[in-house]
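S.K.: Structure file upload.cif, mmCIF, C-alpha atoms, is pasted below:
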```
data_entry
loop_
_atom_site.label_atom_id
_atom_site.label_comp_id
_atom_site.auth_asym_id
_atom_site.auth_seq_id
_atom_site.Cartn_x
_atom_site.Cartn_y
_atom_site.Cartn_z
CA MET A 1 20.51 -0.52 -31.04
CA ALA A 2 17.10 0.69 -29.88
CA LYS A 3 16.80 4.20 -28.50
CA THR A 4 16.35 4.51 -24.75
CA ALA A 5 13.58 6.44 -23.01
CA VAL A 6 13.64 7.04 -19.27
CA ILE A 7 10.27 7.77 -17.64
CA THR A 8 9.85 8.79 -14.01
CA GLY A 9 6.60 8.07 -12.22
CA ALA A 10 6.06 5.25 -14.69
CA GLY A 11 4.00 3.02 -12.40
CA SER A 12 0.60 4.44 -13.33
CA GLY A 13 -1.34 7.19 -15.07
CA LEU A 14 0.31 9.24 -17.79
CA GLY A 15 3.74 7.76 -17.09
CA ALA A 16 2.47 4.26 -17.82
CA SER A 17 0.61 5.48 -20.93
CA LEU A 18 3.74 7.15 -22.29
CA ALA A 19 5.77 4.02 -21.55
CA ARG A 20 3.43 2.03 -23.78
CA LYS A 21 3.64 4.63 -26.56
CA PHE A 22 7.44 4.70 -26.52
CA SER A 23 7.57 0.92 -26.43
CA LEU A 24 5.37 0.70 -29.53
CA LYS A 25 7.83 3.00 -31.30
CA GLY A 26 10.65 0.56 -30.59
CA TYR A 27 12.30 2.31 -27.64
CA HIS A 28 13.79 0.43 -24.77
CA VAL A 29 11.89 1.96 -21.88
CA CYS A 30 13.41 2.42 -18.44
CA LEU A 31 10.65 2.63 -15.85
CA LEU A 32 11.49 4.67 -12.75
CA GLY A 33 9.39 4.91 -9.61
CA ARG A 34 9.19 4.27 -5.89
CA THR A 35 6.87 1.23 -5.99
CA LYS A 36 8.26 -1.86 -7.71
CA SER A 37 4.90 -3.65 -8.00
CA LYS A 38 3.45 -0.77 -10.03
CA LEU A 39 6.49 -0.69 -12.31
CA VAL A 40 6.21 -4.44 -12.87
CA GLU A 41 2.56 -3.97 -13.84
CA THR A 42 3.49 -1.29 -16.37
CA ALA A 43 6.32 -3.41 -17.76
CA SER A 44 3.94 -6.33 -18.33
CA SER A 45 1.83 -4.14 -20.63
CA LEU A 46 4.69 -3.13 -22.94
CA LYS A 47 5.38 -4.55 -26.38
CA ASN A 48 9.15 -4.67 -25.86
CA ASN A 49 11.30 -5.49 -22.87
CA ALA A 50 11.65 -2.78 -20.25
CA SER A 51 13.97 -2.13 -17.33
CA ILE A 52 12.72 -1.34 -13.83
CA TYR A 53 14.49 0.97 -11.41
CA GLU A 54 13.25 1.74 -7.92
CA VAL A 55 14.27 5.30 -7.15
CA ASP A 56 13.19 8.28 -5.10
CA VAL A 57 13.61 11.30 -7.36
CA THR A 58 13.94 13.59 -4.33
CA SER A 59 17.35 12.03 -3.70
CA SER A 60 20.04 13.42 -6.01
CA LYS A 61 22.34 10.57 -4.98
CA GLN A 62 19.80 7.87 -5.93
CA VAL A 63 18.97 9.57 -9.22
CA LYS A 64 22.63 9.92 -10.17
CA LYS A 65 23.29 6.24 -9.47
CA VAL A 66 20.31 5.08 -11.54
CA MET A 67 21.06 7.34 -14.52
CA GLU A 68 24.70 6.26 -14.55
CA SER A 69 23.60 2.59 -14.48
CA ILE A 70 21.27 3.15 -17.44
CA ILE A 71 23.97 4.89 -19.47
CA ILE A 72 26.46 2.10 -18.75
CA GLU A 73 23.91 -0.57 -19.70
CA TYR A 74 22.38 1.05 -22.80
CA GLY A 75 25.01 3.51 -23.97
CA CYS A 76 22.98 6.69 -23.70
CA ILE A 77 19.64 8.18 -22.76
CA ASP A 78 17.84 9.52 -25.81
CA CYS A 79 14.75 10.79 -24.05
CA LEU A 80 13.93 11.72 -20.46
CA VAL A 81 10.32 12.13 -19.37
CA ASN A 82 10.00 14.06 -16.10
CA ASN A 83 6.62 12.77 -15.00
CA ALA A 84 6.93 11.99 -11.28
CA GLY A 85 4.78 14.31 -9.22
CA ILE A 86 2.62 14.66 -6.14
CA GLY A 87 -0.29 16.94 -5.34
CA ILE A 88 -1.87 17.68 -1.97
CA PHE A 89 -4.85 19.96 -2.44
CA LYS A 90 -6.23 21.95 0.45
CA ASN A 91 -6.14 25.48 1.81
CA PHE A 92 -2.63 26.74 2.49
CA ASP A 93 -3.09 27.13 6.25
CA LEU A 94 -4.01 23.43 6.49
CA LEU A 95 -0.82 22.19 4.86
CA ASN A 96 1.78 20.80 7.23
CA GLU A 97 5.54 21.05 6.79
CA GLU A 98 5.94 17.50 5.53
CA GLU A 99 3.32 18.02 2.80
CA ILE A 100 5.05 21.21 1.67
CA HIS A 101 8.40 19.42 1.47
CA GLN A 102 6.83 16.51 -0.45
CA MET A 103 5.51 18.72 -3.23
CA ILE A 104 8.56 20.95 -3.58
CA ASP A 105 11.01 18.05 -3.30
CA THR A 106 9.20 15.75 -5.76
CA ASN A 107 7.75 18.16 -8.31
CA LEU A 108 10.54 20.72 -8.50
CA LYS A 109 13.74 19.30 -7.03
CA GLY A 110 13.06 15.82 -8.43
CA THR A 111 12.68 17.26 -11.92
CA ILE A 112 15.88 19.28 -11.49
CA PHE A 113 17.87 16.28 -10.22
CA CYS A 114 16.72 13.96 -13.03
CA THR A 115 17.48 16.57 -15.67
CA GLN A 116 20.87 17.37 -14.16
CA HIS A 117 22.04 13.76 -14.11
CA VAL A 118 20.95 13.12 -17.71
CA LEU A 119 22.10 16.37 -19.25
CA THR A 120 25.84 15.71 -19.01
CA SER A 121 25.46 12.57 -21.12
CA MET A 122 23.17 14.32 -23.61
CA LYS A 123 25.69 17.14 -23.99
CA LYS A 124 28.49 14.67 -24.74
CA GLN A 125 26.44 13.12 -27.55
CA ASN A 126 24.95 16.53 -28.48
CA GLN A 127 21.46 15.14 -28.78
CA GLY A 128 18.51 14.28 -26.61
CA PHE A 129 14.93 15.12 -25.76
CA ILE A 130 13.58 16.12 -22.35
CA ILE A 131 9.81 16.01 -21.88
CA ASN A 132 8.37 17.74 -18.84
CA ILE A 133 4.92 16.83 -17.57
CA VAL A 134 4.09 20.01 -15.71
CA SER A 135 0.42 20.96 -15.15
CA ALA A 136 -1.91 23.77 -16.09
CA SER A 137 -1.21 24.91 -12.52
CA GLY A 138 2.25 25.85 -13.78
CA LYS A 139 0.67 28.59 -15.84
CA ARG A 140 -2.26 29.65 -13.69
CA ALA A 141 -2.59 29.09 -9.94
CA LYS A 142 -5.78 27.68 -8.46
CA GLU A 143 -7.48 27.69 -5.10
CA THR A 144 -6.21 24.93 -2.76
CA GLU A 145 -3.12 24.52 -4.98
CA SER A 146 -0.81 27.17 -3.51
CA VAL A 147 2.32 25.08 -2.90
CA TYR A 148 1.52 22.67 -5.74
CA SER A 149 1.30 25.67 -8.10
CA ALA A 150 4.53 27.08 -6.66
CA SER A 151 6.34 23.84 -7.46
CA LYS A 152 4.95 23.78 -10.99
CA PHE A 153 5.72 27.45 -11.64
CA GLY A 154 9.24 26.60 -10.51
CA VAL A 155 9.50 23.80 -13.08
CA ARG A 156 8.31 26.20 -15.77
CA GLY A 157 10.93 28.80 -14.83
CA PHE A 158 13.67 26.19 -14.62
CA PHE A 159 13.06 24.97 -18.17
CA GLU A 160 12.56 28.40 -19.66
CA ALA A 161 16.06 29.24 -18.41
CA LEU A 162 17.51 25.85 -19.42
CA ASP A 163 16.14 26.23 -22.95
CA GLN A 164 18.26 29.34 -23.32
CA GLU A 165 21.36 27.45 -22.18
CA LEU A 166 20.64 24.69 -24.72
CA GLN A 167 19.69 26.86 -27.69
CA HIS A 168 22.94 26.15 -29.55
CA THR A 169 22.80 22.39 -28.98
CA ASN A 170 20.73 19.56 -30.44
CA ILE A 171 19.10 18.92 -27.07
CA LYS A 172 15.43 19.86 -27.08
CA THR A 173 12.88 20.23 -24.30
CA PHE A 174 9.11 20.02 -24.46
CA SER A 175 6.75 20.97 -21.63
CA VAL A 176 3.17 19.81 -21.24
CA TYR A 177 0.67 21.90 -19.28
CA MET A 178 -2.42 19.76 -18.89
CA GLY A 179 -5.66 19.76 -16.96
CA ASN A 180 -7.09 16.98 -14.82
CA MET A 181 -6.71 13.36 -15.89
CA LYS A 182 -8.11 10.08 -14.62
CA THR A 183 -5.08 9.23 -12.50
CA ASP A 184 -4.28 8.31 -8.90
CA LEU A 185 -3.53 11.98 -8.25
CA TRP A 186 -7.28 12.66 -8.35
CA ARG A 187 -8.78 9.29 -7.46
CA HIS A 188 -7.77 9.96 -3.87
CA GLY A 189 -8.36 13.69 -4.07
CA GLY A 190 -12.00 13.80 -3.01
CA VAL A 191 -13.37 14.83 -6.42
CA GLY A 192 -16.02 12.10 -6.42
CA ASP A 193 -17.82 11.28 -9.66
CA GLN A 194 -16.33 14.34 -11.32
CA ILE A 195 -13.29 12.25 -12.20
CA ASN A 196 -15.40 10.45 -14.81
CA ASN A 197 -15.28 13.65 -16.87
CA TYR A 198 -11.51 14.01 -16.67
CA MET A 199 -9.16 13.32 -19.60
CA ASN A 200 -7.92 9.83 -20.37
CA PRO A 201 -4.11 9.57 -19.94
CA ASP A 202 -3.87 7.55 -23.16
CA ASP A 203 -5.40 10.45 -25.12
CA VAL A 204 -2.96 12.91 -23.57
CA ALA A 205 -0.06 10.56 -24.32
CA ASP A 206 -1.15 10.38 -27.98
CA LEU A 207 -1.04 14.17 -28.25
CA ILE A 208 2.40 14.31 -26.64
CA MET A 209 3.82 11.70 -28.98
CA ASP A 210 2.41 13.55 -31.98
CA CYS A 211 3.97 16.84 -30.82
CA ILE A 212 7.47 15.41 -30.39
CA LYS A 213 7.48 13.70 -33.78
CA PRO A 214 10.37 15.13 -35.86
CA ARG A 215 9.20 17.56 -38.51
CA LYS A 216 11.19 19.67 -40.94
CA ASN A 217 11.46 23.33 -39.91
CA LEU A 218 9.02 22.85 -37.01
CA LEU A 219 9.53 22.40 -33.28
CA VAL A 220 6.82 22.37 -30.62
CA GLN A 221 8.30 23.60 -27.32
CA ASP A 222 5.20 23.41 -25.14
CA ILE A 223 1.53 22.58 -25.29
CA THR A 224 -1.50 23.17 -23.09
CA ILE A 225 -4.07 20.37 -22.99
CA MET A 226 -7.21 21.19 -21.07
CA ASN A 227 -10.20 19.16 -20.00
CA ARG A 228 -13.43 20.52 -21.44
CA ILE A 229 -14.76 21.17 -17.94
CA ASP A 230 -11.60 22.88 -16.68
CA GLU A 231 -11.66 26.60 -16.15
CA TYR A 232 -8.45 28.14 -17.45
#
```
Would you mind writing the file's structure down as structure tokens?
M.R.:
Amino acid sequence: MAKTAVITGAGSGLGASLARKFSLKGYHVCLLGRTKSKLVETASSLKNNASIYEVDVTSSKQVKKVMESIIIEYGCIDCLVNNAGIGIFKNFDLLNEEEIHQMIDTNLKGTIFCTQHVLTSMKKQNQGFIINIVSASGKRAKETESVYSASKFGVRGFFEALDQELQHTNIKTFSVYMGNMKTDLWRHGGVGDQINNYMNPDDVADLIMDCIKPRKNLLVQDITIMNRIDEY
């Protein structure tokens, strides 16, 4: 039976790129996201069949139901990719309450919920891989990214603690701190032509897949991938 990879935010950008990479490696890929049409588009680009699940990761109830359905259908979840995220970039005093909730709920709580509802199954089988698409803003805050950075620093702290809980298991986590990519996050972010100099999601996905490849006596726990024009 093929291994199963679950990818949140799989409708575009890095999530879609990673879905294609996992599919090429023979995984059955479960595509999770809020917009079905985008998930269908990603699924059409995969080598192997994929499953589509409409879900709002900010809802623990929805996430639990979807993860349980996947485990029932495919036996287990071998890899979870926490990729869903949202960024609203402007000075802190201009952020409204809804925008603050959106970033904290999606970036931090969504990651926590998805991990929580996969981890029980992974512990039972004593194996699994959790990949966290964080952001360079989870290591160094930037202007106009106050709440976004707070959510990403939270993800970093969550997994640093979780790694300690999992140190005597065969469940591994891997966090990616990357700079700006050519994704919808920035296409609507008012960066103009500067986006043409941003990283290609396919290139970032290649690096991630190379880092998680099993190697004897070697484990990569996190990686920072920066755009050449990023200041870090």
S.K.: Find the distance between atom CA of Met122 of chain A and atom CA of Ser59 of chain A and write it in Å to one decimal.
M.R.: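 Computing it gives 20.9 Å between the two atoms.
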S.K.: Which residue is closest to Asn82 of chain A? Choose from A:Ala205, A:Ile7, A:Val63, A:Ala136 and count all atoms listed in the file.
M.R.: A:Ile7
S.K.: Since I can't run it myself right now, could you work out what the PyMOL selection byres ((chain A and resi 227) around 8) selects here and report it as a PyMOL selection string?
M.R.: chain A and resi 178-181+198-199+225-226+228-230
S.K.: Take the residues from that selection and put them in a file with C-alpha atoms, as a compact mmCIF listing (two decimals), in the coordinates of the input.
M.R.:
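Written file, out.txt:
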```
# COMPACT_ATOMS: atom_id res chain seq x y z
CA MET A 178 -2.42 19.76 -18.89
CA GLY A 179 -5.66 19.76 -16.96
CA ASN A 180 -7.09 16.98 -14.82
CA MET A 181 -6.71 13.36 -15.89
CA TYR A 198 -11.51 14.01 -16.67
CA MET A 199 -9.16 13.32 -19.60
CA ILE A 225 -4.07 20.37 -22.99
CA MET A 226 -7.21 21.19 -21.07
CA ARG A 228 -13.43 20.52 -21.44
CA ILE A 229 -14.76 21.17 -17.94
CA ASP A 230 -11.60 22.88 -16.68
```
S.K.: Compile the contact shell of Gly26 of chain A as an MDAnalysis selection string: residues with an atom at most 12 Å away, counting only C-alpha atoms, same-chain residues fewer than 4 positions apart removed.
M.R.: chainID A and resid 1:5 19:22 46:50
S.K.: With all atoms listed in the file counted, which protein, DNA or RNA residues have an atom no more than 7 Å from (9.8, 18.7, -17.1) in the file frame? Please answer as a list in words.
M.R.: Val81, Asn82, Thr111, Ile130, Ile131, Asn132, Ile133, Val134, Val155 and Ser175 of chain A
S.K.: Skipping near chain neighbours, those fewer than 4 positions away, what residues fall within 12 Å of Leu94 of chain A using all atoms listed in the file, listed as a PyMOL selection string?
M.R.: chain A and resi 88-90+98-100+144-147
S.K.: From the options A:Ala161, A:Val40, A:Val29, A:Leu18, which residue's atoms come nearest to Ile77 of chain A, counting all atoms listed in the file?
M.R.: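 Ranked by minimum distance to Ile77 of chain A, first place goes to A:Val29.
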S.K.: Hey, which of A:Lys182, A:Arg34, A:Lys172, A:Lys213 ends up closest to Gln127 of chain A? Count all atoms listed in the file.
M.R.: A:Lys172
S.K.: Once the PyMOL selection byres ((chain A and resi 76) around 10) has been evaluated on this model, what residues remain selected, and can you format them as a list in words?
M.R.: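 Output of the PyMOL selection byres ((chain A and resi 76) around 10): Lys3, Thr4, Ala5, Met67, Glu68, Ile70, Ile71, Ile72, Glu73, Tyr74, Gly75, Ile77, Asp78, Cys79, Val118, Ser121, Met122, Lys124, Gln125, Gln127 and Gly128 of chain A.
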S.K.: Go ahead and save the picked residues with C-alpha atoms, as a CSV table (one decimal), keeping the file's coordinate frame.
M.R.:
```csv
chain,number,residue,atom,x,y,z
A,3,LYS,CA,16.8,4.2,-28.5
A,4,THR,CA,16.4,4.5,-24.8
A,5,ALA,CA,13.6,6.4,-23.0
A,67,MET,CA,21.1,7.3,-14.5
A,68,GLU,CA,24.7,6.3,-14.6
A,70,ILE,CA,21.3,3.2,-17.4
A,71,ILE,CA,24.0,4.9,-19.5
A,72,ILE,CA,26.5,2.1,-18.8
A,73,GLU,CA,23.9,-0.6,-19.7
A,74,TYR,CA,22.4,1.0,-22.8
A,75,GLY,CA,25.0,3.5,-24.0
A,77,ILE,CA,19.6,8.2,-22.8
A,78,ASP,CA,17.8,9.5,-25.8
A,79,CYS,CA,14.8,10.8,-24.0
A,118,VAL,CA,21.0,13.1,-17.7
A,121,SER,CA,25.5,12.6,-21.1
A,122,MET,CA,23.2,14.3,-23.6
A,124,LYS,CA,28.5,14.7,-24.7
A,125,GLN,CA,26.4,13.1,-27.6
A,127,GLN,CA,21.5,15.1,-28.8
A,128,GLY,CA,18.5,14.3,-26.6
```
S.K.: So how many Å separate atom CA of Ser137 of chain A and atom CA of Ile86 of chain A, to one decimal?
M.R.: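 One can read the atom CA of Ser137 of chain A to atom CA of Ile86 of chain A distance as 12.7 Å.
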S.K.: What's the separation between atom CA of Lys109 of chain A and atom CA of Ala43 of chain A, in Å to one decimal place?
M.R.: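 A separation of 26.2 Å between them.
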S.K.: Calculated over all atoms listed in the file, which of the candidates A:Lys142, A:Val220, A:Asn107, A:Gln194 has the smallest distance to Asn91 of chain A?
M.R.: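 Of A:Lys142, A:Val220, A:Asn107, A:Gln194, the one nearest Asn91 of chain A is A:Lys142, counting all atoms listed in the file.
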S.K.: When the PyMOL selection byres ((chain A and resi 222) around 9) is applied to the structure above, which residues does it catch, written out as a PyMOL selection string?
M.R.: chain A and resi 173-177+211+220-221+223-224
S.K.: So, counting all atoms listed in the file, which residue among A:Ser151, A:Thr8, A:Asn170, A:Asn196 is closest to Gly87 of chain A?
M.R.: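 Using all atoms listed in the file, Gly87 of chain A sits closest to A:Ser151.
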S.K.: For Leu166 of chain A, which residue out of A:Leu31, A:Leu119, A:Met103, A:Ala10 is the nearest one, using only C-alpha atoms?
M.R.: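 Among the listed residues, A:Leu119 lies closest to Leu166 of chain A.
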S.K.: Excluding Asp203 of chain A and any residue of its chain fewer than 3 positions from it, enumerate the residues within 10 Å of it, using all atoms listed in the file, and give them as a PyMOL selection string.
M.R.: chain A and resi 14+17+181+199-200+206-208
S.K.: Now that the selection is made, can you save its residues with C-alpha atoms as a PDB file, in the frame of the given file?
M.R.:
```
ATOM      1  CA  LEU A  14       0.310   9.240 -17.790  1.00  0.00           C
ATOM      2  CA  SER A  17       0.610   5.480 -20.930  1.00  0.00           C
ATOM      3  CA  MET A 181      -6.710  13.360 -15.890  1.00  0.00           C
ATOM      4  CA  MET A 199      -9.160  13.320 -19.600  1.00  0.00           C
ATOM      5  CA  ASN A 200      -7.920   9.830 -20.370  1.00  0.00           C
ATOM      6  CA  ASP A 206      -1.150  10.380 -27.980  1.00  0.00           C
ATOM      7  CA  LEU A 207      -1.040  14.170 -28.250  1.00  0.00           C
ATOM      8  CA  ILE A 208       2.400  14.310 -26.640  1.00  0.00           C
TER       9      ILE A 208
END
```
S.K.: Give as a VMD selection string the set of residues within 10 Å of the point (-0.2, -1.2, -14.4), where distances use the file's coordinates and all atoms listed in the file.
M.R.: chain A and resid 10 to 13 16 to 17 37 to 45
S.K.: Please, can segment 33-57 of chain A be completed to N, CA and C atoms and returned as a PDB file, in the frame of the given file?
M.R.:
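Saved result, out_0.pdb, follows:
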```pdb
ATOM      1  N   GLY A  33      10.432   4.608 -10.582  1.00  0.00           N
ATOM      2  CA  GLY A  33       9.390   4.910  -9.610  1.00  0.00           C
ATOM      3  C   GLY A  33       9.752   4.374  -8.243  1.00  0.00           C
ATOM      4  N   ARG A  34       8.919   4.688  -7.269  1.00  0.00           N
ATOM      5  CA  ARG A  34       9.190   4.270  -5.890  1.00  0.00           C
ATOM      6  C   ARG A  34       8.592   2.917  -5.548  1.00  0.00           C
ATOM      7  N   THR A  35       7.582   2.468  -6.328  1.00  0.00           N
ATOM      8  CA  THR A  35       6.870   1.230  -5.990  1.00  0.00           C
ATOM      9  C   THR A  35       7.103   0.178  -7.059  1.00  0.00           C
ATOM     10  N   LYS A  36       7.872  -0.851  -6.732  1.00  0.00           N
ATOM     11  CA  LYS A  36       8.260  -1.860  -7.710  1.00  0.00           C
ATOM     12  C   LYS A  36       7.063  -2.576  -8.311  1.00  0.00           C
ATOM     13  N   SER A  37       6.058  -2.896  -7.492  1.00  0.00           N
ATOM     14  CA  SER A  37       4.900  -3.650  -8.000  1.00  0.00           C
ATOM     15  C   SER A  37       4.177  -2.894  -9.109  1.00  0.00           C
ATOM     16  N   LYS A  38       4.100  -1.579  -8.990  1.00  0.00           N
ATOM     17  CA  LYS A  38       3.450  -0.770 -10.030  1.00  0.00           C
ATOM     18  C   LYS A  38       4.292  -0.748 -11.301  1.00  0.00           C
ATOM     19  N   LEU A  39       5.606  -0.681 -11.146  1.00  0.00           N
ATOM     20  CA  LEU A  39       6.490  -0.690 -12.310  1.00  0.00           C
ATOM     21  C   LEU A  39       6.424  -2.027 -13.036  1.00  0.00           C
ATOM     22  N   VAL A  40       6.335  -3.103 -12.273  1.00  0.00           N
ATOM     23  CA  VAL A  40       6.210  -4.440 -12.870  1.00  0.00           C
ATOM     24  C   VAL A  40       4.911  -4.533 -13.668  1.00  0.00           C
ATOM     25  N   GLU A  41       3.849  -3.958 -13.138  1.00  0.00           N
ATOM     26  CA  GLU A  41       2.560  -3.970 -13.840  1.00  0.00           C
ATOM     27  C   GLU A  41       2.649  -3.206 -15.159  1.00  0.00           C
ATOM     28  N   THR A  42       3.308  -2.050 -15.137  1.00  0.00           N
ATOM     29  CA  THR A  42       3.490  -1.290 -16.370  1.00  0.00           C
ATOM     30  C   THR A  42       4.330  -2.068 -17.366  1.00  0.00           C
ATOM     31  N   ALA A  43       5.420  -2.661 -16.887  1.00  0.00           N
ATOM     32  CA  ALA A  43       6.320  -3.410 -17.760  1.00  0.00           C
ATOM     33  C   ALA A  43       5.597  -4.559 -18.464  1.00  0.00           C
ATOM     34  N   SER A  44       4.672  -5.183 -17.756  1.00  0.00           N
ATOM     35  CA  SER A  44       3.940  -6.330 -18.330  1.00  0.00           C
ATOM     36  C   SER A  44       3.027  -5.911 -19.481  1.00  0.00           C
ATOM     37  N   SER A  45       2.732  -4.619 -19.578  1.00  0.00           N
ATOM     38  CA  SER A  45       1.830  -4.140 -20.630  1.00  0.00           C
ATOM     39  C   SER A  45       2.573  -3.625 -21.856  1.00  0.00           C
ATOM     40  N   LEU A  46       3.905  -3.678 -21.848  1.00  0.00           N
ATOM     41  CA  LEU A  46       4.690  -3.130 -22.940  1.00  0.00           C
ATOM     42  C   LEU A  46       4.969  -4.165 -24.021  1.00  0.00           C
ATOM     43  N   LYS A  47       5.103  -3.678 -25.240  1.00  0.00           N
ATOM     44  CA  LYS A  47       5.380  -4.550 -26.380  1.00  0.00           C
ATOM     45  C   LYS A  47       6.789  -5.112 -26.301  1.00  0.00           C
ATOM     46  N   ASN A  48       7.743  -4.272 -25.930  1.00  0.00           N
ATOM     47  CA  ASN A  48       9.150  -4.670 -25.860  1.00  0.00           C
ATOM     48  C   ASN A  48       9.591  -4.792 -24.406  1.00  0.00           C
ATOM     49  N   ASN A  49      10.763  -5.361 -24.214  1.00  0.00           N
ATOM     50  CA  ASN A  49      11.300  -5.490 -22.870  1.00  0.00           C
ATOM     51  C   ASN A  49      11.553  -4.111 -22.263  1.00  0.00           C
ATOM     52  N   ALA A  50      11.422  -4.034 -20.963  1.00  0.00           N
ATOM     53  CA  ALA A  50      11.650  -2.780 -20.250  1.00  0.00           C
ATOM     54  C   ALA A  50      12.542  -3.064 -19.045  1.00  0.00           C
ATOM     55  N   SER A  51      13.167  -2.021 -18.540  1.00  0.00           N
ATOM     56  CA  SER A  51      13.970  -2.130 -17.330  1.00  0.00           C
ATOM     57  C   SER A  51      13.276  -1.381 -16.204  1.00  0.00           C
ATOM     58  N   ILE A  52      13.392  -1.914 -15.000  1.00  0.00           N
ATOM     59  CA  ILE A  52      12.720  -1.340 -13.830  1.00  0.00           C
ATOM     60  C   ILE A  52      13.767  -0.840 -12.840  1.00  0.00           C
ATOM     61  N   TYR A  53      13.566   0.384 -12.370  1.00  0.00           N
ATOM     62  CA  TYR A  53      14.490   0.970 -11.410  1.00  0.00           C
ATOM     63  C   TYR A  53      13.703   1.640 -10.283  1.00  0.00           C
ATOM     64  N   GLU A  54      13.865   1.097  -9.086  1.00  0.00           N
ATOM     65  CA  GLU A  54      13.250   1.740  -7.920  1.00  0.00           C
ATOM     66  C   GLU A  54      14.096   2.928  -7.517  1.00  0.00           C
ATOM     67  N   VAL A  55      13.502   4.092  -7.458  1.00  0.00           N
ATOM     68  CA  VAL A  55      14.270   5.300  -7.150  1.00  0.00           C
ATOM     69  C   VAL A  55      13.344   6.356  -6.567  1.00  0.00           C
ATOM     70  N   ASP A  56      13.883   7.125  -5.654  1.00  0.00           N
ATOM     71  CA  ASP A  56      13.190   8.280  -5.100  1.00  0.00           C
ATOM     72  C   ASP A  56      13.807   9.511  -5.745  1.00  0.00           C
ATOM     73  N   VAL A  57      13.046  10.185  -6.600  1.00  0.00           N
ATOM     74  CA  VAL A  57      13.610  11.300  -7.360  1.00  0.00           C
ATOM     75  C   VAL A  57      13.987  12.488  -6.482  1.00  0.00           C
TER      76      VAL A  57
END
```
